[in-house]
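Trainee: File name my_file_12.tsv; file contents TSV, C-alpha atoms; full text below.
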```tsv
chain	number	residue	atom	x	y	z
A	1	MET	CA	0.00	0.00	0.00
A	2	GLU	CA	2.95	2.34	0.68
A	3	ASN	CA	3.84	2.24	-3.00
A	4	LEU	CA	0.39	3.52	-3.91
A	5	LEU	CA	-0.29	6.13	-1.24
A	6	THR	CA	1.82	8.27	1.04
A	7	PRO	CA	1.85	6.49	4.43
A	8	ASP	CA	1.03	9.77	6.19
A	9	TYR	CA	-2.20	10.12	4.21
A	10	MET	CA	-3.20	6.56	5.03
A	11	ARG	CA	-2.49	7.05	8.75
A	12	ARG	CA	-4.45	10.28	8.89
A	13	VAL	CA	-7.52	8.74	7.25
A	14	LEU	CA	-7.43	5.53	9.29
A	15	TRP	CA	-6.63	7.07	12.67
A	16	ARG	CA	-9.24	9.83	12.32
A	17	PRO	CA	-11.77	8.53	9.81
A	18	PRO	CA	-14.66	10.70	8.62
A	19	SER	CA	-17.79	10.53	10.78
A	20	ASP	CA	-19.68	8.80	7.96
A	21	ILE	CA	-17.34	6.19	6.50
A	22	THR	CA	-18.09	5.76	2.81
A	23	VAL	CA	-15.90	5.51	-0.26
A	24	GLU	CA	-16.91	9.08	-1.13
A	25	SER	CA	-16.03	10.53	2.28
A	26	VAL	CA	-12.69	8.70	2.38
A	27	SER	CA	-12.02	9.92	-1.16
A	28	GLU	CA	-12.71	13.50	-0.09
A	29	GLU	CA	-10.34	13.16	2.88
A	30	LEU	CA	-7.58	11.82	0.63
A	31	ARG	CA	-8.20	14.58	-1.91
A	32	ALA	CA	-7.98	17.23	0.84
A	33	LEU	CA	-4.65	15.75	1.97
A	34	GLY	CA	-3.26	16.02	-1.55
A	35	ALA	CA	-3.56	12.50	-2.95
A	36	ARG	CA	-3.78	12.18	-6.72
A	37	GLU	CA	-6.95	10.93	-8.38
A	38	TRP	CA	-5.41	7.63	-9.48
A	39	GLN	CA	-4.26	7.03	-5.89
A	40	ILE	CA	-7.73	7.80	-4.57
A	41	ALA	CA	-9.38	5.48	-7.11
A	42	ILE	CA	-7.20	2.55	-6.00
A	43	THR	CA	-6.91	3.09	-2.24
A	44	ALA	CA	-10.20	4.66	-1.12
A	45	PRO	CA	-12.23	1.41	-1.42
A	46	ILE	CA	-9.51	-0.52	0.46
A	47	LEU	CA	-9.28	2.04	3.26
A	48	THR	CA	-13.08	2.19	3.52
A	49	GLU	CA	-13.29	-1.59	3.87
A	50	ALA	CA	-10.51	-1.61	6.45
A	51	SER	CA	-12.28	1.11	8.47
A	52	LEU	CA	-15.67	-0.58	8.38
A	53	ASN	CA	-14.47	-4.16	8.99
A	54	PRO	CA	-11.22	-4.12	10.95
A	55	GLN	CA	-9.57	-7.50	11.36
A	56	PRO	CA	-8.07	-8.29	14.75
A	57	LEU	CA	-4.33	-8.68	14.91
A	58	PRO	CA	-3.09	-12.23	15.31
A	59	PRO	CA	-1.90	-13.08	18.82
A	60	ARG	CA	1.76	-12.48	19.44
A	61	SER	CA	3.88	-15.56	19.63
A	62	PRO	CA	6.69	-15.58	22.16
A	63	LYS	CA	10.10	-15.22	20.61
A	64	SER	CA	12.07	-18.40	20.91
A	65	ARG	CA	15.62	-17.58	21.85
A	66	GLY	CA	18.36	-19.65	23.28
A	67	PRO	CA	19.34	-19.40	26.91
A	68	ARG	CA	19.76	-15.81	27.99
A	69	ARG	CA	23.00	-14.60	29.48
A	70	PRO	CA	23.00	-12.37	32.53
A	71	ARG	CA	22.85	-8.69	31.66
A	72	ASN	CA	26.21	-7.83	33.19
A	73	GLY	CA	27.80	-11.21	32.66
A	74	PRO	CA	30.54	-12.08	30.22
A	75	ARG	CA	29.68	-12.14	26.57
A	76	ARG	CA	30.17	-15.29	24.58
A	77	LEU	CA	32.00	-14.87	21.33
A	78	LYS	CA	30.87	-16.56	18.16
A	79	ALA	CA	33.08	-19.31	16.85
A	80	GLY	CA	35.95	-18.08	14.72
A	81	PHE	CA	36.20	-14.62	16.29
A	82	PRO	CA	39.31	-14.04	18.43
A	83	ARG	CA	38.92	-12.29	21.74
A	84	LEU	CA	40.40	-8.82	21.34
A	85	GLY	CA	42.33	-7.19	24.11
A	86	PRO	CA	45.04	-4.65	24.68
A	87	THR	CA	48.33	-5.44	22.99
A	88	PRO	CA	51.67	-4.92	24.72
A	89	ALA	CA	52.11	-1.70	22.71
A	90	HIS	CA	49.02	-0.26	24.38
A	91	LYS	CA	50.36	-1.05	27.83
A	92	GLN	CA	53.67	0.74	27.34
A	93	ALA	CA	54.02	4.31	28.47
A	94	LEU	CA	54.74	6.89	25.82
A	95	PRO	CA	58.33	8.22	25.78
A	96	ALA	CA	58.83	11.62	27.34
A	97	ARG	CA	58.69	14.50	24.88
A	98	PRO	CA	61.89	16.46	24.48
A	99	PRO	CA	61.53	20.09	25.54
A	100	LEU	CA	60.77	22.61	22.83
A	101	SER	CA	63.95	24.25	21.67
A	102	ASP	CA	64.42	27.95	21.25
A	103	VAL	CA	64.31	29.15	17.64
A	104	SER	CA	67.80	30.67	17.91
A	105	GLU	CA	69.30	27.29	18.89
A	106	GLY	CA	68.46	25.59	15.57
A	107	PRO	CA	70.90	24.93	12.72
A	108	PRO	CA	72.32	28.06	11.03
A	109	GLU	CA	70.01	27.81	8.01
A	110	THR	CA	66.88	27.98	10.23
A	111	ARG	CA	68.04	30.72	12.59
A	112	HIS	CA	66.07	33.91	12.61
A	113	THR	CA	68.04	37.15	12.92
```
For the file at hand, write its structure as structure tokens.
Mentor:
Amino acid sequence: MENLLTPDYMRRVLWRPPSDITVESVSEELRALGAREWQIAITAPILTEASLNPQPLPPRSPKSRGPRRPRNGPRRLKAGFPRLGPTPAHKQALPARPPLSDVSEGPPETRHT
């Protein structure tokens, strides 16, 4: 249905249907929202039928999942994925930075006079 009619138009008509639900009144609502005539011709009868004879939703089935892990417990890795951790390079302290040198102490070609 989304390919035929803007979802916003459909929501507006279905959530607040006209007081007298007929194909003509639904068509007028769609026209006022800006739907094109070919869209109205296709969708107005369907929306009218849905408004007059709503079908109940099927009951929700519980999702079948495997055993649940504790929320704050360790995570299990999928097979084939190595456990990542800090490498020795991450544990080493960075070397101390040498102090900034004065501009006049540089090589002769970079000295400012």
Trainee: Name all residues at most 12 Å from Gly34 of chain A (count only C-alpha atoms; drop same-chain ones fewer than 3 positions away) and give them as a list in words.
Mentor: Leu5, Thr6, Asp8, Tyr9, Met10, Arg12, Ser27, Glu28, Glu29, Leu30, Arg31, Glu37, Trp38, Gln39 and Ile40 of chain A
Trainee: Mind giving me the straight-line distance from atom CA of Thr43 of chain A to atom CA of Met1 of chain A in Å, one decimal?
Mentor: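 These two atoms are separated by 7.9 Å.
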Trainee: Taking (-10.4, 6.5, 11.1) in the file's coordinates, which residues come within 10 Å, counting all atoms listed in the file, written as a list in words?
Mentor: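 The residues that fall inside the cut-off are Met10, Arg11, Arg12, Val13, Leu14, Trp15, Arg16, Pro17, Pro18, Ser19, Ile21, Val26, Leu47, Thr48, Ala50, Ser51 and Leu52 of chain A.
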Trainee: Rounded to one decimal, what separation in Å do you get between atom CA of Glu49 of chain A and atom CA of Glu24 of chain A?
Mentor: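 Between these atoms lies a distance of 12.3 Å.
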Trainee: Please indicate the distance in Å from atom CA of Glu2 of chain A to atom CA of Ala35 of chain A, rounded to one decimal place.
Mentor: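 Rounded to one decimal, the two atoms are 12.6 Å apart.
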Trainee: Using only C-alpha atoms, can you tell me which of A:Asn53, A:Ala96, A:Leu4, A:Lys63 comes closest to Ala41 of chain A?
Mentor: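 So, comparing all the options, the nearest one is A:Leu4.
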